[in-house]
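This is upload_21.cif (mmCIF, C-alpha atoms).
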data_final
#
loop_
_atom_site.label_atom_id
_atom_site.label_comp_id
_atom_site.auth_asym_id
_atom_site.auth_seq_id
_atom_site.Cartn_x
_atom_site.Cartn_y
_atom_site.Cartn_z
CA MET A 1 0.00 0.00 0.00
CA HIS A 2 1.26 3.44 -0.86
CA MET A 3 2.00 5.36 2.35
CA GLY A 4 3.32 8.62 0.94
CA ILE A 5 1.79 12.06 0.74
CA ASN A 6 0.31 12.37 -2.72
CA ARG A 7 0.26 15.60 -4.68
CA PRO A 8 -3.38 16.20 -5.69
CA PRO A 9 -4.35 17.96 -8.94
CA ALA A 10 -4.20 21.74 -8.58
CA VAL A 11 -5.60 22.91 -11.93
CA ALA A 12 -8.15 20.23 -12.79
CA GLY A 13 -11.37 22.03 -13.57
CA SER A 14 -9.56 25.07 -14.95
CA PHE A 15 -6.69 24.07 -17.25
CA TYR A 16 -8.40 20.79 -18.10
CA SER A 17 -11.55 18.91 -17.12
CA ASP A 18 -11.87 17.48 -13.63
CA ASP A 19 -14.25 14.81 -14.93
CA PRO A 20 -12.23 11.67 -15.80
CA VAL A 21 -14.57 10.53 -18.57
CA ALA A 22 -14.69 13.95 -20.23
CA LEU A 23 -10.94 14.42 -19.78
CA ARG A 24 -10.05 11.12 -21.41
CA ARG A 25 -12.48 11.78 -24.23
CA GLU A 26 -11.01 15.23 -24.84
CA ILE A 27 -7.42 13.95 -24.94
CA GLU A 28 -8.35 11.03 -27.19
CA GLY A 29 -10.07 13.52 -29.49
CA PHE A 30 -6.93 15.65 -29.71
CA LEU A 31 -4.83 12.57 -30.45
CA SER A 32 -7.23 11.30 -33.10
CA ARG A 33 -6.76 14.48 -35.12
CA VAL A 34 -2.96 14.23 -35.29
CA GLU A 35 -1.49 13.30 -38.67
CA THR A 36 -0.36 9.68 -38.30
CA SER A 37 2.65 10.29 -40.56
CA ALA A 38 4.25 12.55 -37.93
CA GLY A 39 7.44 11.04 -36.57
CA GLY A 40 7.64 8.36 -39.24
CA GLY A 41 7.32 5.62 -36.63
CA ARG A 42 10.38 6.82 -34.72
CA ILE A 43 10.34 6.87 -30.93
CA PRO A 44 11.70 10.14 -29.53
CA VAL A 45 14.03 10.51 -26.58
CA GLY A 46 12.70 13.97 -25.78
CA LEU A 47 9.65 16.13 -26.38
CA VAL A 48 8.90 19.84 -26.16
CA VAL A 49 5.28 20.38 -25.11
CA PRO A 50 3.30 23.52 -24.19
CA HIS A 51 1.63 23.91 -20.79
CA ALA A 52 -1.41 26.12 -21.33
CA GLY A 53 -5.01 25.11 -20.80
CA TYR A 54 -6.06 22.31 -23.11
CA MET A 55 -8.53 24.59 -24.87
CA PHE A 56 -5.59 26.61 -26.14
CA SER A 57 -2.68 24.18 -26.48
CA GLY A 58 -4.21 20.71 -26.37
CA GLU A 59 -3.97 20.11 -30.10
CA VAL A 60 -0.32 21.19 -30.15
CA ALA A 61 0.48 18.98 -27.15
CA ALA A 62 -1.24 16.03 -28.82
CA SER A 63 1.06 16.28 -31.84
CA ALA A 64 3.97 15.50 -29.49
CA TYR A 65 2.33 12.85 -27.36
CA LYS A 66 0.98 11.00 -30.40
CA LEU A 67 4.58 9.92 -31.07
CA VAL A 68 4.73 7.92 -27.83
CA GLU A 69 1.21 6.51 -27.83
CA GLY A 70 1.44 2.86 -26.81
CA CYS A 71 5.19 3.03 -26.09
CA GLU A 72 6.88 1.75 -22.94
CA PHE A 73 9.55 3.65 -21.02
CA ASP A 74 11.40 2.78 -17.84
CA LEU A 75 11.02 6.37 -16.68
CA VAL A 76 9.35 9.60 -17.80
CA VAL A 77 11.08 12.79 -16.65
CA VAL A 78 8.95 15.93 -16.91
CA VAL A 79 11.00 19.13 -16.53
CA SER A 80 8.92 22.18 -15.73
CA PRO A 81 9.60 25.83 -14.93
CA SER A 82 8.43 27.25 -11.62
CA HIS A 83 5.67 29.86 -11.89
CA HIS A 84 5.09 30.40 -8.18
CA LYS A 85 8.36 29.97 -6.29
CA TYR A 86 11.91 31.08 -7.07
CA PHE A 87 14.66 28.85 -5.72
CA PRO A 88 18.16 27.81 -6.76
CA GLY A 89 18.61 24.42 -8.35
CA PHE A 90 15.91 21.86 -8.99
CA SER A 91 13.10 20.30 -7.01
CA ILE A 92 11.85 16.73 -7.27
CA TYR A 93 8.57 15.73 -5.66
CA GLN A 94 9.62 12.90 -3.37
CA PRO A 95 7.01 12.45 -0.58
CA GLY A 96 4.48 10.52 -2.66
CA ASN A 97 2.80 10.18 -6.04
CA TYR A 98 1.13 12.65 -8.37
CA VAL A 99 -2.63 12.35 -8.84
CA THR A 100 -4.85 13.52 -11.70
CA PRO A 101 -8.55 12.88 -12.37
CA LEU A 102 -7.37 9.83 -14.35
CA GLY A 103 -5.73 8.27 -11.30
CA GLU A 104 -2.46 7.99 -9.43
CA ILE A 105 0.93 8.14 -11.16
CA GLU A 106 3.81 6.35 -9.52
CA VAL A 107 6.72 8.65 -8.71
CA ASP A 108 10.07 6.87 -8.67
CA ARG A 109 10.63 7.85 -5.05
CA GLU A 110 13.71 5.69 -4.65
CA LEU A 111 15.41 7.42 -7.56
CA ALA A 112 14.20 10.79 -6.31
CA ALA A 113 15.70 10.16 -2.87
CA GLU A 114 18.97 9.02 -4.45
CA LEU A 115 19.24 12.14 -6.60
CA ILE A 116 18.41 14.41 -3.67
CA SER A 117 21.08 12.75 -1.52
CA THR A 118 23.80 12.75 -4.17
CA SER A 119 23.19 15.96 -6.12
CA PRO A 120 23.66 19.25 -4.22
CA GLU A 121 21.56 21.10 -6.80
CA ILE A 122 18.52 18.86 -6.21
CA SER A 123 16.16 19.09 -3.27
CA TYR A 124 12.47 18.90 -2.50
CA VAL A 125 10.86 22.34 -2.40
CA PRO A 126 7.17 21.84 -1.52
CA GLU A 127 6.06 25.23 -2.88
CA ALA A 128 7.59 24.39 -6.26
CA HIS A 129 5.06 21.61 -6.78
CA SER A 130 1.92 22.51 -4.83
CA HIS A 131 0.36 24.81 -7.46
CA GLU A 132 2.60 24.29 -10.50
CA HIS A 133 0.47 23.76 -13.60
CA ALA A 134 3.31 23.44 -16.11
CA LEU A 135 4.19 19.98 -14.83
CA GLU A 136 0.67 18.86 -13.99
CA VAL A 137 -0.91 19.49 -17.39
CA GLN A 138 1.50 17.03 -19.04
CA LEU A 139 0.36 14.13 -16.90
CA PRO A 140 -3.14 13.32 -18.21
CA PHE A 141 -1.75 13.17 -21.75
CA LEU A 142 0.94 10.78 -20.57
CA GLN A 143 -1.63 8.64 -18.74
CA VAL A 144 -3.76 8.29 -21.86
CA CYS A 145 -0.81 7.60 -24.16
CA LEU A 146 1.33 5.38 -21.94
CA GLY A 147 -1.07 3.88 -19.41
CA ARG A 148 1.01 3.11 -16.32
CA PHE A 149 4.47 4.64 -16.09
CA ARG A 150 7.02 5.77 -13.52
CA LEU A 151 7.46 9.50 -13.19
CA LEU A 152 10.27 11.78 -12.09
CA PRO A 153 8.56 15.19 -11.61
CA LEU A 154 11.22 17.89 -11.73
CA VAL A 155 10.72 21.65 -11.36
CA MET A 156 13.53 24.02 -12.33
CA GLY A 157 14.02 27.10 -10.16
CA GLU A 158 16.85 29.27 -11.47
CA GLN A 159 16.85 29.18 -15.26
CA SER A 160 20.39 29.77 -16.52
CA TRP A 161 22.87 28.13 -18.86
CA VAL A 162 24.98 26.95 -15.93
CA GLN A 163 22.01 25.38 -14.17
CA ALA A 164 20.73 23.81 -17.39
CA GLU A 165 24.13 22.23 -18.04
CA LYS A 166 24.18 20.78 -14.52
CA LEU A 167 20.72 19.37 -14.99
CA ALA A 168 21.58 18.00 -18.44
CA VAL A 169 24.44 15.97 -16.96
CA ILE A 170 22.07 14.49 -14.39
CA LEU A 171 19.36 13.77 -16.95
CA ALA A 172 21.74 12.14 -19.40
CA GLY A 173 23.02 9.95 -16.59
CA LEU A 174 19.51 8.67 -15.95
CA ALA A 175 19.25 7.44 -19.54
CA ARG A 176 22.50 5.47 -19.59
CA GLU A 177 20.84 2.36 -18.15
CA ARG A 178 17.15 3.15 -18.71
CA LYS A 179 14.79 3.84 -21.56
CA VAL A 180 13.80 7.39 -20.64
CA LEU A 181 11.43 9.92 -22.15
CA PHE A 182 12.26 13.55 -21.36
CA VAL A 183 9.47 16.14 -21.55
CA ALA A 184 10.38 19.83 -21.57
CA SER A 185 7.31 21.86 -20.56
CA SER A 186 7.42 25.28 -22.20
CA ASP A 187 5.23 27.88 -23.83
CA LEU A 188 6.82 30.52 -26.06
CA SER A 189 6.24 34.30 -26.19
CA HIS A 190 3.47 35.88 -24.12
CA PHE A 191 0.98 38.66 -24.89
CA TYR A 192 2.41 40.26 -28.03
CA PRO A 193 0.39 41.07 -31.14
CA ALA A 194 0.29 37.98 -33.33
CA ALA A 195 2.65 39.34 -36.00
CA LYS A 196 5.38 40.11 -33.46
CA ALA A 197 4.84 36.85 -31.58
CA GLU A 198 5.26 34.88 -34.76
CA VAL A 199 8.61 36.56 -35.47
CA LEU A 200 9.88 35.92 -31.92
CA ASP A 201 8.61 32.35 -31.87
CA ARG A 202 9.98 31.49 -35.31
CA ARG A 203 13.48 32.11 -33.97
CA VAL A 204 12.92 29.53 -31.22
CA VAL A 205 11.40 27.10 -33.69
CA ASP A 206 14.43 27.37 -35.95
CA ALA A 207 16.91 26.87 -33.08
CA VAL A 208 15.01 23.84 -31.81
CA ALA A 209 14.75 22.42 -35.35
CA ALA A 210 18.53 22.69 -35.60
CA CYS A 211 18.90 21.07 -32.16
CA ASP A 212 21.20 23.99 -31.36
CA PRO A 213 21.19 24.80 -27.62
CA ALA A 214 23.72 27.62 -27.92
CA SER A 215 21.74 29.47 -30.57
CA PHE A 216 18.53 29.00 -28.61
CA TRP A 217 20.03 30.39 -25.41
CA ALA A 218 21.63 33.34 -27.21
CA LEU A 219 18.16 34.30 -28.45
CA ILE A 220 16.76 34.10 -24.91
CA GLU A 221 19.59 36.04 -23.30
CA THR A 222 19.50 38.85 -25.86
CA GLY A 223 15.71 39.17 -25.80
CA GLN A 224 15.36 38.16 -29.43
CA ALA A 225 12.98 35.39 -28.38
CA GLU A 226 11.10 34.22 -25.30
CA ALA A 227 10.07 30.92 -23.77
CA CYS A 228 8.23 30.44 -20.50
CA GLY A 229 10.14 27.20 -19.94
CA ALA A 230 13.42 28.28 -21.50
CA GLY A 231 15.49 26.57 -18.80
CA PRO A 232 13.74 23.19 -19.05
CA LEU A 233 13.86 23.34 -22.84
CA LEU A 234 17.58 24.11 -22.77
CA ALA A 235 18.30 21.40 -20.20
CA VAL A 236 16.46 18.75 -22.20
CA MET A 237 18.12 19.85 -25.43
CA LEU A 238 21.56 19.67 -23.80
CA ALA A 239 20.74 16.27 -22.28
CA VAL A 240 19.58 14.68 -25.52
CA ARG A 241 22.64 16.06 -27.30
CA ARG A 242 24.78 14.28 -24.70
CA LEU A 243 22.90 11.10 -25.51
CA GLY A 244 23.60 11.41 -29.22
CA ALA A 245 20.34 12.98 -30.30
CA VAL A 246 21.22 15.26 -33.19
CA ARG A 247 17.92 15.30 -35.03
CA ALA A 248 14.88 17.37 -34.09
CA GLU A 249 11.45 17.53 -35.66
CA ILE A 250 9.03 20.43 -35.38
CA LEU A 251 5.58 18.90 -34.98
CA SER A 252 3.32 21.89 -34.52
CA TYR A 253 3.34 25.62 -33.86
CA ARG A 254 0.27 27.72 -33.11
CA HIS A 255 -0.63 30.70 -30.99
CA SER A 256 -3.67 31.43 -28.88
CA GLY A 257 -5.10 33.94 -31.35
CA GLU A 258 -5.79 31.10 -33.78
CA ILE A 259 -8.02 29.47 -31.15
CA CYS A 260 -9.79 32.33 -29.40
CA GLY A 261 -9.69 34.97 -32.15
CA ASP A 262 -7.82 37.60 -30.11
CA TYR A 263 -4.76 38.47 -32.20
CA ASN A 264 -3.72 41.43 -30.04
CA ARG A 265 -2.23 39.49 -27.10
CA VAL A 266 -1.25 35.95 -28.00
CA VAL A 267 0.75 33.13 -26.43
CA GLY A 268 2.89 30.85 -28.59
CA TYR A 269 2.82 27.04 -28.39
CA LEU A 270 5.41 24.65 -29.81
CA ALA A 271 5.58 20.87 -30.02
CA ALA A 272 8.84 19.23 -31.06
CA ALA A 273 10.65 15.91 -30.75
CA PHE A 274 14.30 14.88 -30.43
CA TYR A 275 15.60 11.57 -31.75
CA HIS A 276 18.71 9.47 -31.29
CA GLN A 277 21.02 9.35 -34.26
CA ASP A 278 20.27 5.64 -34.62
CA LYS A 279 16.53 6.35 -34.65
CA GLU A 280 14.44 3.65 -32.99
CA VAL A 281 11.42 2.65 -35.02
CA ARG A 282 8.30 0.97 -33.66
#
Let's see the structure in the file written out as structure tokens.
Amino acid sequence: MHMGINRPPAVAGSFYSDDPVALRREIEGFLSRVETSAGGGRIPVGLVVPHAGYMFSGEVAASAYKLVEGCEFDLVVVVSPSHHKYFPGFSIYQPGNYVTPLGEIEVDRELAAELISTSPEISYVPEAHSHEHALEVQLPFLQVCLGRFRLLPLVMGEQSWVQAEKLAVILAGLARERKVLFVASSDLSHFYPAAKAEVLDRRVVDAVAACDPASFWALIETGQAEACGAGPLLAVMLAVRRLGAVRAEILSYRHSGEICGDYNRVVGYLAAAFYHQDKEVR
């Protein structure tokens, strides 16, 4: 019997439905509309997925998660920014499991405890997880696509190149003896007119397509582009490069104006996948 302290859903009923039947139906609907040719049967090592409400970014998210539908992984690592609490380093939820309306997700608590004890940059910061939507919204999609899986829920506090490199070393180490899926949770630019947002976001799209972490971070540091999860995206990109992933695929890009009709203040959403050089095919 699980004796931990579970993390309950914080944004069910707002970012996505709190009704399990309606939620599953909505996600399955998003997935059913994804072009089946995306990915070419290859299994990615990493994904970039937006973290807005499903009404706005669900179709974009589905284009990423469709690639892993029915796959099996030893571990899924979701790397999220922190919207509510600034802290140095990284936080892993270790006291218990994550819960969504679709059920309980097993957190690899043994691995979490090991990383916390051996990595000075990693700790458990309760406030980093209690209300964080950017990690939570990824989980129902993963439950529908993967069924049961083991989760390492990781929230990044300070977002910098130095911190991302430290995290990338840790993440790459996890994949040396495991089949791991990395999920970088990130939206792109926020609240610009659509024309400007598309220019800013296209720069990120191009850097991700090139699997070029240095170019991506230069854009962020100089203000030529924006990403709400720039640190997680950079860390995952650096990690997959360490693992030999040199190919990226842009799956979808949209902004909120295309959904709600307000083109004056939009938010950009990107879905992308990273593959090993020796691409694994289903």
Quick one: residues within 12 Å of A:Lys166, all atoms listed in the file counted, chain neighbours fewer than 4 positions away excluded, as a list in words?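 Listed by chain and then number, they are Gly89, Phe90, Ser119, Pro120, Glu121, Ile122, Met156, Glu158, Gln159, Ser160, Trp161, Val162, Ile170, Leu171, Ala172, Gly173, Gly231, Pro232, Leu234, Ala235, Val236, Leu238 and Ala239 of chain A.
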Quick one: distance from atom CA of A:Asn6 to atom CA of A:Asp108 in Å, one decimal?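 Atom-to-atom, atom CA of A:Asn6 and atom CA of A:Asp108 are spaced 12.7 Å apart.
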Tell me which of A:Met237, A:Cys228, A:Leu219, A:Ala210 sits closest to A:Glu165, counting only C-alpha atoms. A:Met237
Residues of stretch 59-121 of chain A that have any atom at most 7 Å from an atom of stretch 254-277 of chain A: could you tabulate them with the shortest-distance atom pair and the distance in Å to one decimal, using all atoms listed in the file, ordered by chain and increasing number, as CSV?
residue,atom,partner,partner_atom,distance
A:Val60,CA,A:Ala271,CA,5.9
A:Ala61,CA,A:Ala271,CA,6.1
A:Ser63,CA,A:Ala271,CA,6.7
A:Ala64,CA,A:Ala271,CA,5.6
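The smallest atom-to-atom distance between A:Ala168 and any of A:Phe182, A:Tyr86, A:Ser130, A:Val204, using all atoms listed in the file, is found for A:Phe182.
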Pick out the residues sitting within 12 Å of A:Ser117, and hand them over as a PyMOL selection string; count all atoms listed in the file, and ignore anything fewer than 6 positions along from it in its own chain. chain A and resi 92+94+110-111+123-124
Step by step, work through what the PyMOL selection byres ((chain A and resi 13-27) around 12) selects in the shown file, and finish by giving those residues as a PyMOL selection string. chain A and resi 8-12+28-34+51-63+65-66+69+99-103+132-145+147
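In terms of minimum interatomic distance to A:Leu152, A:Val183 ranks closest within A:Val183, A:Ala248, A:Ala164, A:Leu233, counting only C-alpha atoms.
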For atom CA of A:Tyr93 and atom CA of A:Arg7, quote the distance in Å rounded to one decimal.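 Going from atom CA of A:Tyr93 over to atom CA of A:Arg7 covers 8.4 Å.
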State, in Å with one decimal place, the distance from atom CA of A:Ala197 to atom CA of A:Leu251.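 We find that atom CA of A:Ala197 and atom CA of A:Leu251 lie 18.3 Å from each other.
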Name the residues captured by the PyMOL selection byres ((chain A and resi 176) around 12) when it is applied to the shown file; answer as an MDAnalysis selection string. chainID A and resid 74:75 169:175 177:180 239:240 242:244
A:Leu200, A:Val78, A:Ile105, A:Ala209: which is nearest A:Thr222, counting all atoms listed in the file?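 Between A:Leu200, A:Val78, A:Ile105, A:Ala209, the residue approaching A:Thr222 most closely is A:Leu200.
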Polymer residues at most 8 Å from A:Pro95, all atoms listed in the file, same-chain spacing of 4 or more positions, as an mmCIF file with C-alpha atoms, keeping the file's coordinate frame:
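Saved as part.cif:
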data_model
loop_
_atom_site.group_PDB
_atom_site.id
_atom_site.type_symbol
_atom_site.label_atom_id
_atom_site.label_comp_id
_atom_site.auth_asym_id
_atom_site.auth_seq_id
_atom_site.Cartn_x
_atom_site.Cartn_y
_atom_site.Cartn_z
ATOM 1 C CA GLY A 4 3.320 8.620 0.940
ATOM 2 C CA ILE A 5 1.790 12.060 0.740
ATOM 3 C CA ASN A 6 0.310 12.370 -2.720
ATOM 4 C CA ARG A 109 10.630 7.850 -5.050
#
In terms of only C-alpha atoms, the residue from A:Cys211, A:Leu167, A:Val48, A:Ala128 at minimal distance from A:Asp187 is A:Val48
Using only C-alpha atoms, find the one residue out of A:Ile116, A:Val155, A:Leu181, A:Ala214 that sits nearest to A:Phe73. A:Leu181
Nearby residues (all atoms listed in the file) at most 9 Å from A:Glu106, same-chain spacing under 5 positions excluded, as a list in words: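 What passes the distance filter is Gly96, Asn97, Tyr98, Val99, Arg148, Phe149, Arg150, Leu151 and Leu152 of chain A.
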